[in-house]
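What follows is entry_23.cif (mmCIF, C-alpha atoms).
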```cif
data_upload
#
loop_
_atom_site.group_PDB
_atom_site.id
_atom_site.type_symbol
_atom_site.label_atom_id
_atom_site.label_comp_id
_atom_site.auth_asym_id
_atom_site.auth_seq_id
_atom_site.Cartn_x
_atom_site.Cartn_y
_atom_site.Cartn_z
ATOM 1 C CA MET A 212 21.667 18.032 21.131
ATOM 2 C CA SER A 213 19.532 18.807 18.059
ATOM 3 C CA LEU A 214 16.355 17.164 19.385
ATOM 4 C CA LEU A 215 16.652 18.886 22.766
ATOM 5 C CA VAL A 216 17.240 22.275 21.128
ATOM 6 C CA THR A 217 14.306 21.933 18.727
ATOM 7 C CA ALA A 218 12.071 20.665 21.552
ATOM 8 C CA LEU A 219 12.893 23.766 23.620
ATOM 9 C CA TYR A 220 12.282 25.882 20.511
ATOM 10 C CA ALA A 221 8.856 24.244 20.054
ATOM 11 C CA VAL A 222 7.894 24.834 23.697
ATOM 12 C CA ALA A 223 8.923 28.494 23.348
ATOM 13 C CA VAL A 224 6.768 28.875 20.224
ATOM 14 C CA TRP A 225 3.762 27.342 21.979
ATOM 15 C CA LEU A 226 4.235 29.669 24.948
ATOM 16 C CA LEU A 227 4.572 32.723 22.710
ATOM 17 C CA SER A 228 1.504 31.692 20.705
ATOM 18 C CA GLY A 229 -0.604 31.790 23.865
ATOM 19 C CA VAL A 230 -0.981 28.183 25.036
ATOM 20 C CA ILE A 231 -1.450 29.363 28.637
ATOM 21 C CA GLN A 232 -3.839 32.168 27.777
ATOM 22 C CA GLY A 233 -5.840 29.954 25.414
ATOM 23 C CA GLN A 234 -5.766 26.925 27.740
ATOM 24 C CA TRP A 235 -4.707 24.662 24.869
ATOM 25 C CA TRP A 236 -3.501 21.913 27.199
ATOM 26 C CA LEU A 237 -5.149 19.032 25.314
ATOM 27 C CA GLN A 238 -3.768 20.279 21.997
ATOM 28 C CA PHE A 239 -0.279 20.640 23.469
ATOM 29 C CA ALA A 240 -0.478 17.133 24.975
ATOM 30 C CA CYS A 241 -1.471 15.718 21.565
ATOM 31 C CA PHE A 242 1.457 17.577 20.009
ATOM 32 C CA ALA A 243 3.880 16.152 22.578
ATOM 33 C CA VAL A 244 2.609 12.592 22.040
ATOM 34 C CA SER A 245 2.809 13.130 18.266
ATOM 35 C CA VAL A 246 6.481 14.094 18.573
ATOM 36 C CA TYR A 247 7.133 10.958 20.621
ATOM 37 C CA LEU A 248 5.376 8.782 18.013
ATOM 38 C CA VAL A 249 7.401 10.378 15.196
ATOM 39 C CA ALA A 250 10.571 9.601 17.160
ATOM 40 C CA GLN A 251 9.376 5.998 17.535
ATOM 41 C CA LEU A 252 8.529 5.814 13.841
ATOM 42 C CA ASN A 253 12.067 6.910 13.044
ATOM 43 C CA SER A 254 13.780 4.632 15.576
ATOM 44 C CA VAL A 255 11.781 1.450 15.019
ATOM 45 C CA ASN A 256 11.953 1.632 11.218
ATOM 46 C CA SER A 257 15.454 3.156 10.842
ATOM 47 C CA LEU A 258 14.210 5.818 8.447
ATOM 48 C CA ILE A 259 17.709 7.303 8.293
ATOM 49 C CA ARG A 260 20.596 4.891 7.806
ATOM 50 C CA VAL A 261 22.804 6.739 10.329
ATOM 51 C CA TYR A 262 21.901 7.552 13.912
ATOM 52 C CA SER A 263 19.928 10.781 13.649
ATOM 53 C CA ARG A 264 16.935 12.480 15.239
ATOM 54 C CA MET A 265 16.482 14.772 12.245
ATOM 55 C CA VAL A 266 13.049 13.366 11.355
ATOM 56 C CA SER A 267 11.730 14.361 14.792
ATOM 57 C CA CYS A 268 13.523 17.718 14.628
ATOM 58 C CA SER A 269 12.046 18.434 11.207
ATOM 59 C CA PHE A 270 8.576 17.556 12.451
ATOM 60 C CA LEU A 271 8.959 19.891 15.433
ATOM 61 C CA VAL A 272 10.138 22.840 13.344
ATOM 62 C CA LEU A 273 7.577 22.383 10.548
ATOM 63 C CA SER A 274 4.701 21.952 12.989
ATOM 64 C CA CYS A 275 5.618 25.190 14.766
ATOM 65 C CA MET A 276 5.487 27.230 11.570
ATOM 66 C CA HIS A 277 1.685 27.101 11.562
ATOM 67 C CA CYS A 278 0.903 28.630 14.963
ATOM 68 C CA ASP A 279 -2.680 29.419 13.964
ATOM 69 C CA LEU A 280 -3.370 25.662 13.939
ATOM 70 C CA PHE A 281 -2.497 25.235 17.622
ATOM 71 C CA PRO A 282 -6.025 25.897 19.016
ATOM 72 C CA SER A 283 -7.678 23.164 16.902
ATOM 73 C CA THR A 284 -8.483 20.085 18.986
ATOM 74 C CA VAL A 285 -9.753 18.224 15.916
ATOM 75 C CA GLY A 286 -6.510 18.918 14.074
ATOM 76 C CA ALA A 287 -4.333 17.898 17.030
ATOM 77 C CA VAL A 288 -6.153 14.589 17.515
ATOM 78 C CA THR A 289 -6.197 13.883 13.775
ATOM 79 C CA SER A 290 -2.428 14.449 13.490
ATOM 80 C CA LEU A 291 -1.736 12.100 16.386
ATOM 81 C CA LEU A 292 -3.927 9.357 14.895
ATOM 82 C CA VAL A 293 -2.393 9.720 11.414
ATOM 83 C CA ILE A 294 1.113 9.264 12.847
ATOM 84 C CA LEU A 295 -0.099 6.256 14.833
ATOM 85 C CA THR A 296 -1.583 4.839 11.624
ATOM 86 C CA ASN A 297 1.820 5.067 9.909
ATOM 87 C CA LEU A 298 3.528 3.395 12.855
ATOM 88 C CA LEU A 299 1.071 0.478 12.793
ATOM 89 C CA LEU A 300 1.091 0.125 9.007
ATOM 90 C CA PHE A 301 4.890 -0.044 8.879
ATOM 91 C CA MET A 302 4.806 -2.920 11.369
ATOM 92 C CA SER A 303 2.896 -4.946 8.762
ATOM 93 C CA TYR A 304 5.669 -4.697 6.151
ATOM 94 C CA GLN A 305 5.782 -7.807 3.942
ATOM 95 C CA ASP A 306 3.430 -9.656 6.275
ATOM 96 C CA LYS A 307 0.222 -10.641 4.517
ATOM 97 C CA GLU A 308 -0.923 -12.265 7.753
ATOM 98 C CA ALA A 309 -0.629 -9.034 9.797
ATOM 99 C CA LYS A 310 -4.339 -8.887 10.480
ATOM 100 C CA GLY A 311 -3.874 -7.272 13.898
ATOM 101 C CA TYR A 312 -1.743 -4.401 12.640
ATOM 102 C CA ALA A 313 -4.124 -3.843 9.708
ATOM 103 C CA PHE A 314 -7.119 -3.772 12.063
ATOM 104 C CA TYR A 315 -5.592 -1.284 14.490
ATOM 105 C CA ALA A 316 -4.125 0.919 11.724
ATOM 106 C CA PHE A 317 -7.548 1.337 10.135
ATOM 107 C CA LEU A 318 -9.186 1.632 13.523
ATOM 108 C CA THR A 319 -7.136 4.797 14.031
ATOM 109 C CA ILE A 320 -8.202 6.042 10.583
ATOM 110 C CA GLY A 321 -11.825 5.359 11.500
ATOM 111 C CA LEU A 322 -11.450 7.211 14.791
ATOM 112 C CA ALA A 323 -9.840 10.183 13.033
ATOM 113 C CA SER A 324 -12.607 10.227 10.430
ATOM 114 C CA LEU A 325 -15.180 10.677 13.207
ATOM 115 C CA ALA A 326 -13.655 14.129 13.683
ATOM 116 C CA TYR A 327 -12.673 14.752 10.047
ATOM 117 C CA VAL A 328 -14.790 12.623 7.736
ATOM 118 C CA HIS A 329 -12.856 13.575 4.584
ATOM 119 C CA LEU A 330 -10.007 11.405 5.842
ATOM 120 C CA LEU A 331 -12.002 8.494 4.382
ATOM 121 C CA TYR A 332 -10.832 9.629 0.929
ATOM 122 C CA TYR A 333 -7.373 8.376 1.904
ATOM 123 C CA VAL A 334 -8.584 4.824 2.561
ATOM 124 C CA PRO A 335 -8.300 3.579 -1.073
ATOM 125 C CA VAL A 336 -4.883 5.248 -1.295
ATOM 126 C CA VAL A 337 -3.713 3.423 1.832
ATOM 127 C CA TRP A 338 -4.977 0.094 0.470
ATOM 128 C CA ILE A 339 -3.059 0.657 -2.779
ATOM 129 C CA LEU A 340 0.105 1.572 -0.869
ATOM 130 C CA MET A 341 -0.280 -1.478 1.368
ATOM 131 C CA GLY A 342 -0.116 -3.585 -1.770
ATOM 132 C CA ALA A 343 2.441 -1.594 -3.763
ATOM 133 C CA LYS A 344 4.826 -0.395 -1.042
ATOM 134 C CA LEU A 345 4.288 -2.344 2.163
ATOM 135 C CA LYS A 346 3.561 -5.650 0.397
ATOM 136 C CA SER A 347 1.099 -6.530 3.159
ATOM 137 C CA LEU A 348 -2.237 -6.456 1.351
ATOM 138 C CA SER A 349 -4.130 -9.730 1.195
ATOM 139 C CA TRP A 350 -7.759 -10.719 1.532
ATOM 140 C CA ARG A 351 -7.205 -11.258 5.236
ATOM 141 C CA THR A 352 -5.496 -7.945 5.937
ATOM 142 C CA TRP A 353 -8.025 -6.157 3.707
ATOM 143 C CA GLY A 354 -10.905 -7.720 5.639
ATOM 144 C CA SER A 355 -9.264 -6.810 8.939
ATOM 145 C CA SER A 356 -8.693 -3.243 7.772
ATOM 146 C CA LEU A 357 -12.335 -2.920 6.737
ATOM 147 C CA LEU A 358 -13.450 -4.262 10.104
ATOM 148 C CA GLY A 359 -11.162 -1.793 11.889
ATOM 149 C CA LEU A 360 -12.446 1.099 9.786
ATOM 150 C CA LEU A 361 -16.083 0.265 10.533
ATOM 151 C CA THR A 362 -15.664 -0.412 14.256
ATOM 152 C CA PRO A 363 -15.830 3.267 15.382
ATOM 153 C CA TYR A 364 -18.985 3.736 13.319
ATOM 154 C CA TRP A 365 -20.621 0.657 14.816
ATOM 155 C CA LEU A 366 -19.916 2.065 18.261
ATOM 156 C CA MET A 367 -21.163 5.522 17.257
ATOM 157 C CA ALA A 368 -24.318 4.021 15.730
ATOM 158 C CA GLY A 369 -24.981 2.082 18.931
ATOM 159 C CA TRP A 370 -24.557 5.212 21.032
ATOM 160 C CA GLN A 371 -26.828 7.250 18.768
ATOM 161 C CA PHE A 372 -29.437 4.476 18.763
ATOM 162 C CA TYR A 373 -29.349 4.436 22.570
ATOM 163 C CA ASN A 374 -29.943 8.196 22.607
ATOM 164 C CA GLY A 375 -32.587 8.099 19.890
ATOM 165 C CA GLN A 376 -30.408 9.950 17.367
ATOM 166 C CA ILE A 377 -29.706 7.167 14.872
ATOM 167 C CA ALA A 378 -31.335 9.180 12.079
ATOM 168 C CA SER A 379 -28.519 11.729 12.298
ATOM 169 C CA LEU A 380 -25.804 9.178 11.399
ATOM 170 C CA PRO A 381 -26.064 9.698 7.595
ATOM 171 C CA GLU A 382 -25.497 13.423 8.130
ATOM 172 C CA HIS A 383 -21.928 12.652 9.193
ATOM 173 C CA PHE A 384 -21.129 11.435 5.654
ATOM 174 C CA GLN A 385 -22.890 14.210 3.732
ATOM 175 C CA PRO A 386 -19.758 16.441 3.510
ATOM 176 C CA LEU A 387 -18.083 13.691 1.450
ATOM 177 C CA GLY A 388 -20.328 14.634 -1.479
ATOM 178 C CA THR A 389 -19.730 18.374 -1.199
ATOM 179 C CA PHE A 390 -16.955 19.614 -3.494
ATOM 180 C CA GLN A 391 -17.867 23.272 -3.799
ATOM 181 C CA PRO A 392 -16.210 25.693 -3.796
ATOM 182 C CA LEU A 393 -13.586 24.079 -6.015
ATOM 183 C CA SER A 394 -10.055 25.516 -5.947
ATOM 184 C CA ASP A 395 -11.155 28.698 -4.181
ATOM 185 C CA TRP A 396 -7.769 30.113 -3.207
ATOM 186 C CA SER A 397 -9.291 33.166 -1.595
ATOM 187 C CA VAL A 398 -9.635 31.160 1.645
ATOM 188 C CA PHE A 399 -5.858 31.266 2.084
ATOM 189 C CA SER A 400 -4.183 34.009 4.078
ATOM 190 C CA TYR A 401 -0.736 35.199 2.964
ATOM 191 C CA SER A 402 0.838 33.297 5.856
ATOM 192 C CA GLN A 403 -0.923 30.039 4.959
ATOM 193 C CA LEU A 404 0.003 30.388 1.295
ATOM 194 C CA HIS A 405 3.663 31.064 2.094
ATOM 195 C CA ILE A 406 3.843 28.048 4.403
ATOM 196 C CA LEU A 407 2.195 25.798 1.806
ATOM 197 C CA VAL A 408 4.635 26.884 -0.907
ATOM 198 C CA PHE A 409 7.566 26.381 1.467
ATOM 199 C CA LEU A 410 6.358 22.887 2.392
ATOM 200 C CA ILE A 411 6.022 21.962 -1.287
ATOM 201 C CA ILE A 412 9.605 23.155 -1.861
ATOM 202 C CA LEU A 413 10.809 21.056 1.082
ATOM 203 C CA MET A 414 8.862 18.046 -0.148
ATOM 204 C CA LEU A 415 10.327 18.349 -3.663
ATOM 205 C CA THR A 416 13.839 18.851 -2.287
ATOM 206 C CA GLY A 417 13.571 15.801 -0.050
ATOM 207 C CA THR A 418 11.984 13.696 -2.797
ATOM 208 C CA ILE A 419 14.598 14.562 -5.427
ATOM 209 C CA HIS A 420 17.416 13.910 -2.966
ATOM 210 C CA PHE A 421 15.939 10.572 -1.949
ATOM 211 C CA LEU A 422 15.290 9.402 -5.510
ATOM 212 C CA ARG A 423 18.860 10.288 -6.478
ATOM 213 C CA ASN A 424 20.434 8.513 -3.490
ATOM 214 C CA ASN A 425 17.987 5.772 -2.499
ATOM 215 C CA TYR A 426 20.351 3.021 -3.679
ATOM 216 C CA TYR A 427 22.229 3.595 -0.402
ATOM 217 C CA ASP A 428 19.116 2.606 1.571
ATOM 218 C CA ASN A 429 17.713 -0.883 1.956
ATOM 219 C CA THR A 430 14.562 -1.983 0.160
ATOM 220 C CA ARG A 431 12.391 -1.622 3.248
ATOM 221 C CA THR A 432 13.390 2.030 3.758
ATOM 222 C CA ARG A 433 12.816 2.784 0.066
ATOM 223 C CA MET A 434 9.288 1.416 0.338
ATOM 224 C CA TYR A 435 8.555 3.555 3.410
ATOM 225 C CA TYR A 436 9.746 6.707 1.704
ATOM 226 C CA GLY A 437 7.775 5.809 -1.394
ATOM 227 C CA LEU A 438 4.689 5.807 0.817
ATOM 228 C CA PHE A 439 5.574 9.237 2.231
ATOM 229 C CA ILE A 440 6.051 10.649 -1.268
ATOM 230 C CA TRP A 441 2.768 9.317 -2.644
ATOM 231 C CA VAL A 442 0.724 10.452 0.349
ATOM 232 C CA ASP A 443 2.336 13.890 0.033
ATOM 233 C CA LEU A 444 1.435 14.069 -3.666
ATOM 234 C CA VAL A 445 -2.161 13.046 -2.982
ATOM 235 C CA THR A 446 -2.393 15.599 -0.179
ATOM 236 C CA ILE A 447 -1.051 18.400 -2.385
ATOM 237 C CA ALA A 448 -3.619 17.520 -5.047
ATOM 238 C CA PHE A 449 -6.355 17.521 -2.384
ATOM 239 C CA ILE A 450 -5.254 20.953 -1.146
ATOM 240 C CA LEU A 451 -5.179 22.373 -4.674
ATOM 241 C CA LEU A 452 -8.712 21.142 -5.337
ATOM 242 C CA GLN A 453 -10.190 21.764 -1.877
ATOM 243 C CA PRO A 454 -8.270 24.624 -0.191
ATOM 244 C CA GLN A 455 -11.034 24.955 2.426
ATOM 245 C CA HIS A 456 -9.661 21.770 4.054
ATOM 246 C CA HIS A 457 -6.203 23.273 4.380
ATOM 247 C CA ASP A 458 -6.132 23.210 8.201
ATOM 248 C CA ILE A 459 -6.174 19.396 8.397
ATOM 249 C CA LEU A 460 -4.440 18.595 5.120
ATOM 250 C CA ILE A 461 -1.414 20.753 5.909
ATOM 251 C CA ARG A 462 -0.893 18.677 9.059
ATOM 252 C CA ILE A 463 -0.880 15.471 6.996
ATOM 253 C CA MET A 464 1.597 17.077 4.636
ATOM 254 C CA ILE A 465 3.893 18.055 7.518
ATOM 255 C CA ILE A 466 3.827 14.469 8.845
ATOM 256 C CA ASN A 467 4.930 13.064 5.479
ATOM 257 C CA THR A 468 7.340 15.850 4.536
ATOM 258 C CA ALA A 469 9.309 15.719 7.805
ATOM 259 C CA PRO A 470 10.984 12.343 7.002
ATOM 260 C CA LEU A 471 11.810 13.481 3.462
ATOM 261 C CA ILE A 472 13.520 16.713 4.458
ATOM 262 C CA GLY A 473 15.033 15.035 7.543
ATOM 263 C CA HIS A 474 16.640 12.444 5.262
ATOM 264 C CA PHE A 475 18.057 15.254 3.104
ATOM 265 C CA ILE A 476 19.460 17.230 6.042
ATOM 266 C CA ALA A 477 20.989 14.235 7.815
ATOM 267 C CA LEU A 478 22.671 12.659 4.801
ATOM 268 C CA THR A 479 24.017 15.583 2.774
ATOM 269 C CA SER A 480 27.142 17.569 3.620
ATOM 270 C CA THR A 481 28.297 19.356 0.485
ATOM 271 C CA LYS A 482 28.935 23.086 0.524
ATOM 272 C CA PHE A 483 25.809 23.729 -1.560
ATOM 273 C CA THR A 484 23.492 21.586 0.559
ATOM 274 C CA ASN A 485 24.865 23.146 3.745
ATOM 275 C CA VAL A 486 23.908 26.569 2.377
ATOM 276 C CA VAL A 487 20.467 25.202 1.430
ATOM 277 C CA PHE A 488 20.068 23.870 4.981
ATOM 278 C CA CYS A 489 20.852 27.308 6.438
ATOM 279 C CA ILE A 490 18.362 28.930 4.048
ATOM 280 C CA PHE A 491 15.663 26.426 5.022
ATOM 281 C CA CYS A 492 16.305 27.060 8.728
ATOM 282 C CA ALA A 493 16.149 30.836 8.235
ATOM 283 C CA LEU A 494 12.906 30.588 6.256
ATOM 284 C CA SER A 495 11.351 28.278 8.851
ATOM 285 C CA VAL A 496 12.127 30.683 11.680
ATOM 286 C CA THR A 497 10.990 33.685 9.625
ATOM 287 C CA LEU A 498 7.650 32.070 8.759
ATOM 288 C CA THR A 499 7.185 31.049 12.398
ATOM 289 C CA ILE A 500 7.846 34.581 13.649
ATOM 290 C CA TYR A 501 5.485 36.048 11.056
ATOM 291 C CA ASP A 502 2.725 33.592 11.945
ATOM 292 C CA LEU A 503 3.273 34.298 15.644
ATOM 293 C CA TRP A 504 3.027 38.032 15.032
ATOM 294 C CA ILE A 505 -0.357 37.836 13.302
ATOM 295 C CA THR A 506 -1.973 35.051 15.387
ATOM 296 C CA SER A 507 -0.450 35.047 18.881
ATOM 297 C CA LEU A 508 -2.689 35.847 21.838
ATOM 298 C CA LEU A 509 0.235 37.749 23.383
ATOM 299 C CA PHE A 510 0.660 40.356 20.636
#
```
Whole structure, structure tokens version:
Amino acid sequence: MSLLVTALYAVAVWLLSGVIQGQWWLQFACFAVSVYLVAQLNSVNSLIRVYSRMVSCSFLVLSCMHCDLFPSTVGAVTSLLVILTNLLLFMSYQDKEAKGYAFYAFLTIGLASLAYVHLLYYVPVVWILMGAKLKSLSWRTWGSSLLGLLTPYWLMAGWQFYNGQIASLPEHFQPLGTFQPLSDWSVFSYSQLHILVFLIILMLTGTIHFLRNNYYDNTRTRMYYGLFIWVDLVTIAFILLQPQHHDILIRIMIINTAPLIGHFIALTSTKFTNVVFCIFCALSVTLTIYDLWITSLLF
């Protein structure tokens, strides 16, 4: 019943945050599809070695902590496309001929970068992880991934040329060279800072647990979780250096932290870890209530 309960909890949080008053129907639809894709990611790849929906439940609860992110259409679409990228990339595991999966995975990255261009910084990281973790990087898959990444920009360039706006295309990439202000933590509210610290604690807890017990999992699962850990570490570094991009980066962190903490919750049952689970649940609800109180359209 855990997935049903957390789904009802998520719907209640969206309603209390003001989804009806704000008319955030597209954002809520993206959130619902994202939850479905996370469930598929868990089921298709057997991220937890026992039958469990804890990855999806963790994603639901962590996503609802940051209620002030609900109105962002760019963030909602970006989250959905990042999850879809993971789903497609995992299908290419140990297949150096998986040109189709590589093309579509990077097509989704390219589409997401149209809304959030800084996502292109992750492209070299994904290529490295394709080689180191997924074992699917070859000249063919690399060429397909590059073609997929460029396809949205070819289409955008054609549209802008048709409308006589081709000169504005380079402006889309200008933010990639802007790094100031650097590590300006004043952009964080207390709520955002608390949620970030809590997510880092969850990420470290899940990572330590996985590294201590990963010999129980098969090689394929270990590679997947290695990808989650490295993307999380890169994202944390990005947030520390560029806090002004917190709104999108925290979503990427939630996507990669949910499997780690879900693995911990589903596969530990000692007295200590049960207490830790209760503490994590209490903190999640507390942070959600606090964020609702200061951002909700109903209060």
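Taking atom CA of Cys241 of chain A as the reference point, atom CA of Ala287 of chain A is found at 5.8 Å.
Our summary of the geometry notes that atom CA of His474 of chain A is positioned 27.0 Å from atom CA of Leu348 of chain A.
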Resolved residues for the PyMOL selection byres ((chain A and resi 492) around 12) as a short mmCIF file (atom, residue, chain, number, x, y, z; two decimals) with C-alpha atoms, keeping the file's coordinate frame:
```cif
data_model
loop_
_atom_site.label_atom_id
_atom_site.label_comp_id
_atom_site.auth_asym_id
_atom_site.auth_seq_id
_atom_site.Cartn_x
_atom_site.Cartn_y
_atom_site.Cartn_z
CA THR A 217 14.31 21.93 18.73
CA CYS A 268 13.52 17.72 14.63
CA SER A 269 12.05 18.43 11.21
CA VAL A 272 10.14 22.84 13.34
CA LEU A 273 7.58 22.38 10.55
CA MET A 276 5.49 27.23 11.57
CA PHE A 409 7.57 26.38 1.47
CA LEU A 413 10.81 21.06 1.08
CA ILE A 472 13.52 16.71 4.46
CA ILE A 476 19.46 17.23 6.04
CA ASN A 485 24.86 23.15 3.74
CA VAL A 486 23.91 26.57 2.38
CA VAL A 487 20.47 25.20 1.43
CA PHE A 488 20.07 23.87 4.98
CA CYS A 489 20.85 27.31 6.44
CA ILE A 490 18.36 28.93 4.05
CA PHE A 491 15.66 26.43 5.02
CA ALA A 493 16.15 30.84 8.24
CA LEU A 494 12.91 30.59 6.26
CA SER A 495 11.35 28.28 8.85
CA VAL A 496 12.13 30.68 11.68
CA THR A 497 10.99 33.68 9.62
CA LEU A 498 7.65 32.07 8.76
CA THR A 499 7.18 31.05 12.40
#
```
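The gap separating atom CA of Ile412 of chain A from atom CA of Thr479 of chain A is 16.9 Å, in Å to one decimal.
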Discussion item. So that I can see what lies close to Phe242 of chain A, please list as a ChimeraX atom specification the residues with an atom at most 9 Å from it, counting all atoms listed in the file and leaving out residues fewer than 3 positions away in the same chain.
Written reply: /A:237-239,245-247,274,281,287-288,290-291
I would like the residues chosen by the PyMOL selection byres ((chain A and resi 341) around 10) on the shown file; could you give them as a PDB file with C-alpha atoms, in the frame of the given file?
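Saved the output as selection34.pdb:
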```
ATOM      1  CA  LEU A 300       1.091   0.125   9.007  1.00  0.00           C
ATOM      2  CA  PHE A 301       4.890  -0.044   8.879  1.00  0.00           C
ATOM      3  CA  SER A 303       2.896  -4.946   8.762  1.00  0.00           C
ATOM      4  CA  TYR A 304       5.669  -4.697   6.151  1.00  0.00           C
ATOM      5  CA  GLN A 305       5.782  -7.807   3.942  1.00  0.00           C
ATOM      6  CA  LYS A 307       0.222 -10.641   4.517  1.00  0.00           C
ATOM      7  CA  ALA A 313      -4.124  -3.843   9.708  1.00  0.00           C
ATOM      8  CA  PRO A 335      -8.300   3.579  -1.073  1.00  0.00           C
ATOM      9  CA  VAL A 336      -4.883   5.248  -1.295  1.00  0.00           C
ATOM     10  CA  VAL A 337      -3.713   3.423   1.832  1.00  0.00           C
ATOM     11  CA  TRP A 338      -4.977   0.094   0.470  1.00  0.00           C
ATOM     12  CA  ILE A 339      -3.059   0.657  -2.779  1.00  0.00           C
ATOM     13  CA  LEU A 340       0.105   1.572  -0.869  1.00  0.00           C
ATOM     14  CA  GLY A 342      -0.116  -3.585  -1.770  1.00  0.00           C
ATOM     15  CA  ALA A 343       2.441  -1.594  -3.763  1.00  0.00           C
ATOM     16  CA  LYS A 344       4.826  -0.395  -1.042  1.00  0.00           C
ATOM     17  CA  LEU A 345       4.288  -2.344   2.163  1.00  0.00           C
ATOM     18  CA  LYS A 346       3.561  -5.650   0.397  1.00  0.00           C
ATOM     19  CA  SER A 347       1.099  -6.530   3.159  1.00  0.00           C
ATOM     20  CA  LEU A 348      -2.237  -6.456   1.351  1.00  0.00           C
ATOM     21  CA  SER A 349      -4.130  -9.730   1.195  1.00  0.00           C
ATOM     22  CA  THR A 352      -5.496  -7.945   5.937  1.00  0.00           C
ATOM     23  CA  TRP A 353      -8.025  -6.157   3.707  1.00  0.00           C
ATOM     24  CA  LEU A 438       4.689   5.807   0.817  1.00  0.00           C
TER      25      LEU A 438
END
```
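When you apply the PyMOL selection byres ((chain A and resi 386-395) around 8) to this structure, what comes back is Val328, His329, Glu382, His383, Phe384, Gln385, Trp396, Ser397, Val398, Leu451, Leu452, Gln453, Pro454 and Gln455 of chain A.
Considering all atoms listed in the file, the residue among A:Thr289, A:Asp428, A:Gln371, A:Ile459 positioned nearest to Val261 of chain A is A:Asp428.
Of the listed residues A:Met414, A:Leu322, A:Ala218, A:Leu227, the one whose atoms come nearest to Cys278 of chain A is A:Leu227, with distances taken using all atoms listed in the file.
Among the candidate residues A:Ser356, A:Gln234, A:Tyr327, A:Phe270, the one lying nearest to Tyr312 of chain A is A:Ser356, with distances computed using all atoms listed in the file.
Nearest to Met367 of chain A of all the residues A:Trp504, A:Ser324, A:His405, A:Phe399 is A:Ser324, counting only C-alpha atoms.
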Worksheet item: Within 9 Å of Leu460 of chain A, counting all atoms listed in the file, which residues qualify if same-chain residues fewer than 6 places away don't, as JSON, numbers by chain?
Response: {"A": [446, 447, 449, 450, 454]}
Discussion item. Calculated over all atoms listed in the file, which of the candidates A:Ala221, A:Leu331, A:Leu318, A:Leu415 has the smallest distance to Leu361 of chain A?
Written reply: A:Leu318
Item to complete: Name all residues at most 12 Å from Ile377 of chain A (count all atoms listed in the file; drop same-chain ones fewer than 3 positions away) and give them as a VMD selection string.
Response: chain A and resid 364 to 374 380 to 383
Give me the box for segment 234-253 of chain A as lines of an AutoDock Vina configuration file, namely the centre and edge lengths in Å to one decimal of a box along x, y and z that holds every listed atom plus 8 Å on each side.
```
center_x = 3.2
center_y = 16.4
center_z = 20.4
size_x = 33.8
size_y = 37.1
size_z = 30.7
```
